[in-house]
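Asks: Just so it is clear, I am handing over final-v7.json, which has JSON, C-alpha atoms.
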```
[["chain", "number", "residue", "atom", "x", "y", "z"],
["W", 1, "MET", "CA", 0.00, 0.00, 0.00],
["W", 2, "ALA", "CA", 1.35, 3.47, -0.85],
["W", 3, "ARG", "CA", 2.38, 5.54, 2.14],
["W", 4, "ARG", "CA", 1.89, 9.25, 2.54],
["W", 5, "ALA", "CA", 4.85, 11.56, 2.84],
["W", 6, "ILE", "CA", 4.78, 14.60, 5.10],
["W", 7, "PRO", "CA", 3.86, 17.56, 2.87],
["W", 8, "GLN", "CA", 6.52, 20.27, 3.03],
["W", 9, "TYR", "CA", 5.69, 23.87, 2.17],
["W", 10, "PHE", "CA", 7.17, 27.34, 2.29],
["W", 11, "LEU", "CA", 3.95, 29.04, 3.34],
["W", 12, "TYR", "CA", 0.97, 26.69, 3.21],
["W", 13, "GLY", "CA", 0.30, 25.61, -0.38],
["W", 14, "GLU", "CA", 3.51, 27.18, -1.70],
["W", 15, "ALA", "CA", 6.53, 25.25, -2.96],
["W", 16, "THR", "CA", 9.53, 25.11, -0.65],
["W", 17, "HIS", "CA", 12.55, 27.32, -1.32],
["W", 18, "ASP", "CA", 15.47, 28.82, 0.56],
["W", 19, "VAL", "CA", 14.50, 31.20, 3.35],
["W", 20, "ASP", "CA", 16.29, 34.48, 4.03],
["W", 21, "GLU", "CA", 17.83, 34.38, 7.50],
["W", 22, "ARG", "CA", 15.84, 37.46, 8.59],
["W", 23, "PHE", "CA", 12.59, 36.39, 6.95],
["W", 24, "LEU", "CA", 9.41, 37.65, 8.64],
["W", 25, "HIS", "CA", 5.90, 37.46, 7.21],
["W", 26, "ILE", "CA", 2.49, 38.34, 8.60],
["W", 27, "GLU", "CA", -1.00, 37.89, 7.19],
["W", 28, "SER", "CA", -4.53, 37.42, 8.50],
["W", 29, "ILE", "CA", -5.70, 33.93, 9.41],
["W", 30, "ALA", "CA", -8.72, 34.29, 7.13],
["W", 31, "GLU", "CA", -6.65, 35.39, 4.12],
["W", 32, "ARG", "CA", -5.29, 31.91, 3.43],
["W", 33, "SER", "CA", -7.61, 29.68, 5.44],
["W", 34, "ARG", "CA", -10.82, 30.67, 3.64],
["W", 35, "LEU", "CA", -9.20, 29.56, 0.36],
["W", 36, "HIS", "CA", -8.92, 26.04, 1.82],
["W", 37, "ASP", "CA", -12.41, 25.89, 3.37],
["W", 38, "TRP", "CA", -10.91, 26.69, 6.79],
["W", 39, "LYS", "CA", -9.00, 23.39, 6.90],
["W", 40, "ILE", "CA", -5.18, 23.41, 6.86],
["W", 41, "ARG", "CA", -4.09, 19.81, 6.39],
["W", 42, "PRO", "CA", -1.13, 18.32, 8.29],
["W", 43, "HIS", "CA", 2.18, 19.57, 6.91],
["W", 44, "ALA", "CA", 5.55, 20.89, 8.05],
["W", 45, "HIS", "CA", 7.97, 23.70, 7.30],
["W", 46, "GLN", "CA", 11.64, 22.84, 7.43],
["W", 47, "ASP", "CA", 12.86, 26.30, 8.36],
["W", 48, "LEU", "CA", 9.86, 28.34, 9.52],
["W", 49, "HIS", "CA", 8.19, 28.98, 12.88],
["W", 50, "HIS", "CA", 4.56, 30.19, 13.18],
["W", 51, "PHE", "CA", 2.80, 32.27, 15.82],
["W", 52, "LEU", "CA", -0.96, 32.70, 15.50],
["W", 53, "LEU", "CA", -3.02, 35.25, 17.43],
["W", 54, "VAL", "CA", -6.67, 34.20, 17.26],
["W", 55, "THR", "CA", -9.04, 37.11, 17.92],
["W", 56, "ARG", "CA", -12.25, 35.62, 16.55],
["W", 57, "GLY", "CA", -13.59, 32.10, 16.14],
["W", 58, "GLY", "CA", -11.55, 29.07, 17.17],
["W", 59, "GLY", "CA", -11.02, 25.47, 16.16],
["W", 60, "VAL", "CA", -8.62, 22.58, 16.60],
["W", 61, "PHE", "CA", -4.82, 22.74, 16.34],
["W", 62, "HIS", "CA", -3.28, 19.41, 15.26],
["W", 63, "SER", "CA", 0.31, 19.04, 16.43],
["W", 64, "GLU", "CA", 2.27, 15.80, 15.99],
["W", 65, "GLY", "CA", -0.89, 13.74, 16.39],
["W", 66, "GLU", "CA", -2.11, 15.71, 19.43],
["W", 67, "LEU", "CA", -5.28, 17.81, 19.39],
["W", 68, "HIS", "CA", -5.41, 21.25, 21.02],
["W", 69, "ARG", "CA", -8.81, 22.98, 21.03],
["W", 70, "PHE", "CA", -8.72, 26.77, 21.09],
["W", 71, "GLY", "CA", -11.13, 29.66, 21.01],
["W", 72, "GLN", "CA", -10.84, 33.37, 20.45],
["W", 73, "ASN", "CA", -8.16, 35.17, 22.46],
["W", 74, "SER", "CA", -5.54, 32.45, 21.94],
["W", 75, "LEU", "CA", -1.86, 32.53, 21.06],
["W", 76, "ILE", "CA", -0.58, 29.46, 19.19],
["W", 77, "SER", "CA", 3.08, 28.56, 18.66],
["W", 78, "VAL", "CA", 4.17, 26.10, 15.95],
["W", 79, "PRO", "CA", 7.90, 25.28, 16.21],
["W", 80, "LEU", "CA", 10.30, 24.36, 13.43],
["W", 81, "ALA", "CA", 9.59, 21.14, 11.53],
["W", 82, "CYS", "CA", 6.50, 20.44, 13.64],
["W", 83, "VAL", "CA", 3.89, 18.46, 11.68],
["W", 84, "HIS", "CA", 0.76, 20.52, 12.20],
["W", 85, "GLY", "CA", -2.64, 21.43, 10.80],
["W", 86, "PHE", "CA", -5.76, 23.39, 11.71],
["W", 87, "ASP", "CA", -9.50, 22.92, 11.55],
["W", 88, "PHE", "CA", -10.72, 26.50, 11.87],
["W", 89, "LYS", "CA", -14.33, 27.44, 12.51],
["W", 90, "PRO", "CA", -15.58, 29.38, 9.48],
["W", 91, "GLY", "CA", -14.96, 33.08, 10.00],
["W", 92, "THR", "CA", -12.02, 32.61, 12.35],
["W", 93, "ASP", "CA", -9.58, 35.50, 12.16],
["W", 94, "GLY", "CA", -6.51, 37.06, 13.69],
["W", 95, "TRP", "CA", -2.93, 36.95, 12.44],
["W", 96, "VAL", "CA", -0.35, 34.38, 11.37],
["W", 97, "LEU", "CA", 3.22, 35.51, 11.98],
["W", 98, "THR", "CA", 5.97, 33.46, 10.32],
["W", 99, "ALA", "CA", 9.69, 33.77, 11.09],
["W", 100, "SER", "CA", 12.73, 32.01, 9.68],
["W", 101, "GLY", "CA", 14.48, 29.35, 11.72],
["W", 102, "ALA", "CA", 17.73, 31.31, 11.55],
["W", 103, "LEU", "CA", 16.09, 34.40, 13.01],
["W", 104, "ILE", "CA", 14.39, 32.40, 15.76],
["W", 105, "GLU", "CA", 17.64, 30.61, 16.60],
["W", 106, "ARG", "CA", 19.54, 33.90, 16.85],
["W", 107, "ILE", "CA", 16.90, 35.30, 19.20],
["W", 108, "ALA", "CA", 16.98, 32.10, 21.26],
["W", 109, "HIS", "CA", 20.78, 32.16, 21.41],
["W", 110, "GLU", "CA", 20.72, 35.71, 22.74],
["W", 111, "ASN", "CA", 17.71, 35.10, 25.03],
["W", 112, "ALA", "CA", 17.87, 31.48, 26.23],
["W", 113, "GLU", "CA", 14.94, 31.94, 28.61],
["W", 114, "LEU", "CA", 12.64, 32.19, 25.57],
["W", 115, "ARG", "CA", 13.34, 28.64, 24.37],
["W", 116, "PRO", "CA", 10.27, 27.07, 26.09],
["W", 117, "VAL", "CA", 7.99, 28.95, 23.68],
["W", 118, "LEU", "CA", 10.24, 28.25, 20.70],
["W", 119, "THR", "CA", 10.67, 24.49, 21.02],
["W", 120, "GLU", "CA", 7.17, 23.36, 22.03],
["W", 121, "ALA", "CA", 3.79, 23.55, 20.32],
["W", 122, "ASN", "CA", 1.40, 25.57, 22.46],
["W", 123, "ALA", "CA", -2.16, 26.91, 22.30],
["W", 124, "LEU", "CA", -2.30, 29.44, 25.13],
["W", 125, "PRO", "CA", -5.58, 31.09, 26.17],
["W", 126, "LEU", "CA", -5.13, 34.81, 26.77],
["W", 127, "PRO", "CA", -7.02, 37.09, 29.17],
["W", 128, "THR", "CA", -8.82, 40.00, 27.53],
["W", 129, "ASP", "CA", -6.28, 42.65, 28.52],
["W", 130, "ALA", "CA", -3.37, 40.51, 27.27],
["W", 131, "THR", "CA", -5.18, 39.96, 23.97],
["W", 132, "ALA", "CA", -5.70, 43.71, 23.55],
["W", 133, "ALA", "CA", -2.00, 44.35, 24.12],
["W", 134, "MET", "CA", -1.06, 41.54, 21.74],
["W", 135, "VAL", "CA", -3.41, 42.92, 19.06],
["W", 136, "THR", "CA", -1.60, 46.26, 19.25],
["W", 137, "THR", "CA", 1.76, 44.50, 18.79],
["W", 138, "PHE", "CA", 0.57, 42.43, 15.82],
["W", 139, "GLU", "CA", -0.99, 45.50, 14.21],
["W", 140, "SER", "CA", 2.29, 47.38, 14.62],
["W", 141, "LEU", "CA", 4.17, 44.47, 13.07],
["W", 142, "MET", "CA", 1.74, 44.42, 10.15],
["W", 143, "MET", "CA", 2.41, 48.13, 9.58],
["W", 144, "GLU", "CA", 6.17, 47.52, 9.54],
["W", 145, "PHE", "CA", 5.69, 44.59, 7.17],
["W", 146, "ARG", "CA", 3.61, 46.60, 4.71],
["W", 147, "GLY", "CA", 5.63, 49.81, 5.00],
["W", 148, "ASN", "CA", 9.08, 50.72, 3.81],
["W", 149, "LEU", "CA", 10.36, 52.93, 6.60],
["W", 150, "PRO", "CA", 14.03, 53.00, 7.61],
["W", 151, "GLY", "CA", 14.89, 50.34, 10.16],
["W", 152, "ARG", "CA", 11.74, 48.32, 9.43],
["W", 153, "ARG", "CA", 13.47, 44.96, 9.91],
["W", 154, "THR", "CA", 14.96, 46.01, 13.23],
["W", 155, "ALA", "CA", 11.59, 47.33, 14.38],
["W", 156, "ALA", "CA", 9.82, 44.15, 13.26],
["W", 157, "GLU", "CA", 12.32, 41.94, 15.11],
["W", 158, "ALA", "CA", 11.86, 44.00, 18.27],
["W", 159, "LEU", "CA", 8.09, 43.49, 18.03],
["W", 160, "LEU", "CA", 8.64, 39.75, 17.48],
["W", 161, "ILE", "CA", 10.74, 39.56, 20.66],
["W", 162, "GLY", "CA", 7.95, 41.37, 22.50],
["W", 163, "ILE", "CA", 5.50, 38.71, 21.34],
["W", 164, "LEU", "CA", 7.83, 35.95, 22.51],
["W", 165, "VAL", "CA", 8.26, 37.55, 25.92],
["W", 166, "ALA", "CA", 4.49, 37.86, 26.32],
["W", 167, "ALA", "CA", 4.05, 34.23, 25.27],
["W", 168, "LEU", "CA", 6.68, 33.08, 27.78],
["W", 169, "ARG", "CA", 5.07, 35.00, 30.64],
["W", 170, "ARG", "CA", 1.64, 33.63, 29.80],
["W", 171, "LYS", "CA", 3.02, 30.09, 29.56],
["W", 172, "LEU", "CA", 4.64, 30.44, 32.98],
["W", 173, "GLN", "CA", 1.40, 31.83, 34.45],
["W", 174, "LEU", "CA", -0.42, 28.68, 33.36],
["W", 175, "LEU", "CA", 2.17, 26.29, 34.80],
["W", 176, "PRO", "CA", 1.96, 24.92, 38.35],
["W", 177, "ALA", "CA", 3.92, 27.15, 40.73],
["W", 178, "ALA", "CA", 6.61, 24.51, 41.24],
["W", 179, "GLN", "CA", 7.40, 24.49, 37.52],
["W", 180, "SER", "CA", 7.27, 28.23, 36.89],
["W", 181, "LYS", "CA", 10.58, 29.27, 38.47],
["W", 182, "ALA", "CA", 12.95, 30.57, 35.82],
["W", 183, "GLY", "CA", 16.70, 30.56, 36.30],
["W", 184, "ALA", "CA", 19.81, 28.51, 35.71],
["W", 185, "ASP", "CA", 17.90, 25.22, 35.71],
["W", 186, "SER", "CA", 15.51, 26.27, 32.96],
["W", 187, "VAL", "CA", 18.33, 27.72, 30.86],
["W", 188, "LEU", "CA", 20.37, 24.51, 31.13],
["W", 189, "ALA", "CA", 17.32, 22.34, 30.38],
["W", 190, "ALA", "CA", 16.55, 24.50, 27.34],
["W", 191, "LYS", "CA", 20.12, 24.10, 26.06],
["W", 192, "TYR", "CA", 19.85, 20.35, 26.58],
["W", 193, "ARG", "CA", 16.60, 20.14, 24.60],
["W", 194, "SER", "CA", 18.18, 22.16, 21.80],
["W", 195, "LEU", "CA", 21.13, 19.76, 21.77],
["W", 196, "ILE", "CA", 18.73, 16.81, 21.68],
["W", 197, "GLU", "CA", 17.09, 18.31, 18.60],
["W", 198, "GLU", "CA", 20.45, 18.37, 16.84],
["W", 199, "ASN", "CA", 21.59, 14.90, 17.91],
["W", 200, "PHE", "CA", 18.66, 12.59, 18.75],
["W", 201, "ARG", "CA", 19.29, 10.58, 15.57],
["W", 202, "THR", "CA", 22.69, 9.55, 16.92],
["W", 203, "THR", "CA", 23.55, 7.03, 19.64],
["W", 204, "LEU", "CA", 24.75, 9.73, 22.08],
["W", 205, "LYS", "CA", 23.91, 8.93, 25.70],
["W", 206, "VAL", "CA", 22.87, 11.36, 28.43],
["W", 207, "ALA", "CA", 26.43, 11.42, 29.76],
["W", 208, "ASP", "CA", 27.64, 12.52, 26.32],
["W", 209, "TYR", "CA", 25.12, 15.36, 26.28],
["W", 210, "ALA", "CA", 26.18, 16.45, 29.77],
["W", 211, "LYS", "CA", 29.82, 16.49, 28.67],
["W", 212, "ARG", "CA", 28.97, 18.67, 25.66],
["W", 213, "LEU", "CA", 27.12, 21.05, 27.99],
["W", 214, "CYS", "CA", 30.14, 21.11, 30.33],
["W", 215, "VAL", "CA", 28.16, 19.89, 33.35],
["W", 216, "SER", "CA", 27.96, 16.63, 35.28],
["W", 217, "SER", "CA", 25.21, 14.12, 34.55],
["W", 218, "GLU", "CA", 23.77, 14.79, 38.00],
["W", 219, "ARG", "CA", 23.66, 18.55, 37.41],
["W", 220, "LEU", "CA", 21.84, 17.96, 34.14],
["W", 221, "ARG", "CA", 19.40, 15.61, 35.85],
["W", 222, "GLN", "CA", 18.61, 18.17, 38.55],
["W", 223, "ALA", "CA", 18.02, 20.94, 36.01],
["W", 224, "CYS", "CA", 15.70, 18.83, 33.87],
["W", 225, "VAL", "CA", 13.67, 17.49, 36.78],
["W", 226, "ARG", "CA", 13.28, 20.92, 38.38],
["W", 227, "SER", "CA", 12.29, 22.75, 35.20],
["W", 228, "THR", "CA", 10.43, 20.08, 33.21],
["W", 229, "ALA", "CA", 9.51, 17.39, 35.79],
["W", 230, "SER", "CA", 11.25, 14.86, 33.50],
["W", 231, "SER", "CA", 14.68, 13.24, 33.60],
["W", 232, "PRO", "CA", 17.24, 13.85, 30.83],
["W", 233, "LEU", "CA", 16.73, 10.31, 29.55],
["W", 234, "ALA", "CA", 12.95, 10.75, 29.49],
["W", 235, "LEU", "CA", 13.31, 13.93, 27.42],
["W", 236, "LEU", "CA", 15.67, 12.22, 24.99],
["W", 237, "ASN", "CA", 13.41, 9.19, 24.66],
["W", 238, "ALA", "CA", 10.33, 11.39, 24.21],
["W", 239, "ARG", "CA", 11.97, 13.13, 21.24],
["W", 240, "ARG", "CA", 12.97, 9.81, 19.70],
["W", 241, "LEU", "CA", 9.46, 8.46, 20.21],
["W", 242, "LEU", "CA", 7.94, 11.55, 18.62],
["W", 243, "GLU", "CA", 10.13, 11.12, 15.54],
["W", 244, "ALA", "CA", 9.23, 7.44, 15.35],
["W", 245, "LYS", "CA", 5.49, 8.20, 15.46],
["W", 246, "ARG", "CA", 5.89, 10.92, 12.85],
["W", 247, "SER", "CA", 7.79, 8.60, 10.51],
["W", 248, "LEU", "CA", 5.32, 5.74, 10.97],
["W", 249, "LEU", "CA", 2.35, 7.94, 10.21],
["W", 250, "TYR", "CA", 3.64, 10.14, 7.41],
["W", 251, "THR", "CA", 6.32, 8.12, 5.59],
["W", 252, "GLY", "CA", 6.74, 4.69, 4.04],
["W", 253, "MET", "CA", 10.08, 4.03, 5.73],
["W", 254, "SER", "CA", 10.71, 0.49, 6.95],
["W", 255, "ILE", "CA", 10.94, -0.22, 10.68],
["W", 256, "GLY", "CA", 14.69, -0.70, 10.29],
["W", 257, "LEU", "CA", 15.17, 2.69, 8.65],
["W", 258, "ILE", "CA", 12.96, 4.40, 11.23],
["W", 259, "ALA", "CA", 14.93, 2.76, 14.04],
["W", 260, "GLU", "CA", 18.18, 4.04, 12.55],
["W", 261, "ALA", "CA", 16.74, 7.52, 12.02],
["W", 262, "CYS", "CA", 15.77, 7.65, 15.70],
["W", 263, "GLY", "CA", 19.15, 6.60, 17.05],
["W", 264, "PHE", "CA", 18.55, 2.84, 17.43],
["W", 265, "PRO", "CA", 21.03, 0.66, 15.50],
["W", 266, "ASP", "CA", 19.05, -2.47, 16.49],
["W", 267, "PRO", "CA", 15.51, -2.60, 15.00],
["W", 268, "ALA", "CA", 14.45, -5.27, 17.52],
["W", 269, "TYR", "CA", 15.45, -3.06, 20.44],
["W", 270, "PHE", "CA", 13.64, -0.13, 18.82],
["W", 271, "SER", "CA", 10.46, -2.22, 18.49],
["W", 272, "ARG", "CA", 10.63, -3.14, 22.19],
["W", 273, "PHE", "CA", 11.26, 0.52, 23.09],
["W", 274, "PHE", "CA", 8.27, 1.65, 21.04],
["W", 275, "THR", "CA", 5.92, -1.08, 22.30],
["W", 276, "GLN", "CA", 6.78, -0.47, 25.96],
["W", 277, "ARG", "CA", 5.88, 3.22, 25.63],
["W", 278, "THR", "CA", 2.79, 3.01, 23.43],
["W", 279, "GLY", "CA", 1.33, -0.41, 24.18],
["W", 280, "VAL", "CA", 1.41, -1.40, 20.50],
["W", 281, "SER", "CA", 4.09, -2.45, 18.03],
["W", 282, "PRO", "CA", 5.37, 0.05, 15.45],
["W", 283, "MET", "CA", 3.46, -1.67, 12.62],
["W", 284, "SER", "CA", 0.24, -1.82, 14.66],
["W", 285, "TYR", "CA", 0.60, 1.88, 15.46],
["W", 286, "ARG", "CA", 1.07, 2.73, 11.78],
["W", 287, "THR", "CA", -2.01, 0.72, 10.77],
["W", 288, "ARG", "CA", -4.25, 2.14, 13.51],
["W", 289, "GLN", "CA", -3.23, 5.74, 12.92],
["W", 290, "GLN", "CA", -3.63, 5.55, 9.16],
["W", 291, "ARG", "CA", -7.09, 4.06, 9.56],
["W", 292, "ALA", "CA", -8.02, 6.78, 12.05],
["W", 293, "HIS", "CA", -6.78, 9.52, 9.71],
["W", 294, "ALA", "CA", -8.64, 7.96, 6.79],
["W", 295, "ARG", "CA", -11.84, 8.22, 8.85],
["W", 296, "GLY", "CA", -10.98, 11.81, 9.71],
["W", 297, "THR", "CA", -10.81, 11.17, 13.46]]
```
Could you spell out this file's structure in structure tokens?

Replies:
Amino acid sequence: MARRAIPQYFLYGEATHDVDERFLHIESIAERSRLHDWKIRPHAHQDLHHFLLVTRGGGVFHSEGELHRFGQNSLISVPLACVHGFDFKPGTDGWVLTASGALIERIAHENAELRPVLTEANALPLPTDATAAMVTTFESLMMEFRGNLPGRRTAAEALLIGILVAALRRKLQLLPAAQSKAGADSVLAAKYRSLIEENFRTTLKVADYAKRLCVSSERLRQACVRSTASSPLALLNARRLLEAKRSLLYTGMSIGLIAEACGFPDPAYFSRFFTQRTGVSPMSYRTRQQRAHARGT
């Protein structure tokens, strides 16, 4: 049976091409979504990050097989390479802000505390006053995007950083108090997760990651547990499992190739790893998920 590949786009529906390192784009949600009957099918962008401010309507945000329901007054973050889609209610509106991966990475490098809103898919409900402030920021960014004033790129990037700061503060407000303390632990954990993203396909162990971060394995464990409530190994395995699920659902790769792509030289060990964490074998997962997607559930 033919397998589906993960559709890759520049902006949705547009062929992929190289992205300028300072690329920023903003448009209304309705502008593109109404052309597709308010349904944006699962796809990915190799080098783009989205932020959506929903001011009217709502719908469902599909992210790596997870469903996030959202209404008006929501801020949605779609990180790099995340397989995502949307089922918008007709008439939904707001803005879609798109930034290049290079720009996002530069901002994250200079402001490590922002990584939690740059590496995870989120659909954050906003209070009314926060939405009003965010609307003003998005409107200002739209003016910079459409205008041709001196320093427009610098101004637009400053507004983008303001959006990221607001998203981070809202995310922390919604976390349990024990998880909302920023500091050295969260910065180290964010660096570790970034390093995982670069190396999860290899056979590097947690001790190897700790060495690259110039800390002990115990220091890394403390930072991850305190800031994410997960151990370093659990975070690494979660990323590998996510990639395995993505490959099973959207590609026709064999189990052996998927195992190798997720850092497991032994396909049999990979199958045990996958089954222990999902309750089903890789092939059973692929079959079930494809049937569910065929039914539209």

Asks: Report, in Å to a single decimal, how far apart CA of Phe200 (chain W) and CA of Glu105 (chain W) are.

Replies: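 Between these atoms lies a distance of 18.2 Å.
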
Asks: Between CA of Glu27 (chain W) and CA of Val54 (chain W), what is the distance in Å, rounded to a tenth?

Replies: 12.1 Å

Asks: Of the residues W:His68, W:Arg152, W:Arg193, W:His84, which is the one nearest to Pro116 (chain W), using all atoms listed in the file?

Replies: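 That would be W:Arg193, the residue with the smallest distance to Pro116 (chain W).
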
Asks: Please identify all polymer residues within 7 Å of Ala30 (chain W), counting only C-alpha atoms, omitting same-chain residues fewer than 5 positions from it, and present them as a compact mmCIF listing (two decimals) with C-alpha atoms, in the coordinates of the input.

Replies:
```txt
# COMPACT_ATOMS: atom_id res chain seq x y z
CA GLY W 91 -14.96 33.08 10.00
CA THR W 92 -12.02 32.61 12.35
CA ASP W 93 -9.58 35.50 12.16
```

Asks: Need to verify the contact set: region 221-232 of chain W, 7 Å, all atoms listed in the file, exclusion of same-chain residues closer than 2 positions in sequence. Can you return it as a list of chain:residue names?

Replies: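 My reading of the contact set: W:Gln179, W:Asp185, W:Ser186, W:Leu188, W:Ala189, W:Val206, W:Ser217, W:Glu218, W:Arg219, W:Ala234, W:Leu235, W:Leu236.
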
Asks: Rounded to one decimal place, report the CA of Leu233 (chain W)-CA of Val117 (chain W) distance in Å.

Replies: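 Straight-line distance from CA of Leu233 (chain W) to CA of Val117 (chain W) works out to 21.4 Å.
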
Asks: Which residue gives the smallest distance to Arg69 (chain W) among W:Ala238, W:Ile26, W:Leu124, W:Leu53, with all atoms listed in the file counted?

Replies: W:Leu124

Asks: Considering all atoms listed in the file, return as an MDAnalysis selection string whatever protein or nucleic-acid residues lie within 9 Å of Ala156 (chain W), sequence-local ones (same chain, fewer than 4 positions apart) excluded.

Replies: chainID W and resid 24 140:142 144:145 151:152 160:161

Asks: Considering all atoms listed in the file, can you say which of W:Arg291, W:Arg246, W:Lys191, W:Arg201 comes closest to Val215 (chain W)?

Replies: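 Of the candidates, the smallest distance to Val215 (chain W) is held by W:Lys191.
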
Asks: With distances taken over only C-alpha atoms, which of W:Asp87, W:Arg56, W:Met283, W:Gly65 is nearest to Trp38 (chain W)?

Replies: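 Nearest to Trp38 (chain W): W:Asp87.
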
Asks: Between W:Leu75, W:Leu67, W:Ala99, W:Val165, single out the one closest to Leu114 (chain W), counting all atoms listed in the file.

Replies: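 Going through W:Leu75, W:Leu67, W:Ala99, W:Val165 one by one, the smallest distance to Leu114 (chain W) is for W:Val165.
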
Asks: So that I can see what lies close to Ser284 (chain W), please list as a ChimeraX atom specification the residues with an atom at most 12 Å from it, counting only C-alpha atoms and leaving out residues fewer than 3 positions away in the same chain.

Replies: /W:245,248-249,255,271,274-275,278-281,287-291

Asks: Pick the closest to Asn199 (chain W) from W:Ala261, W:Leu97, W:Ala81, W:Met134: which is it, counting only C-alpha atoms?

Replies: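 Using only C-alpha atoms, Asn199 (chain W) sits closest to W:Ala261.
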
Asks: Using all atoms listed in the file, determine which residues lie at most 6 Å from Ile29 (chain W), disregarding the query and same-chain residues fewer than 4 positions distant; provide the list as a compact mmCIF listing (two decimals) with C-alpha atoms, in the frame of the given file.

Replies:
```
# COMPACT_ATOMS: atom_id res chain seq x y z
CA ASP W 93 -9.58 35.50 12.16
CA GLY W 94 -6.51 37.06 13.69
CA TRP W 95 -2.93 36.95 12.44
CA VAL W 96 -0.35 34.38 11.37
```

Asks: The residues within 9 Å of (13.2, 35.0, 19.9), using all atoms listed in the file and the coordinates of the file, should be reported as an NGL selection string; which are they?

Replies: :W and (103-112 or 114-115 or 117-118 or 157 or 160-165)
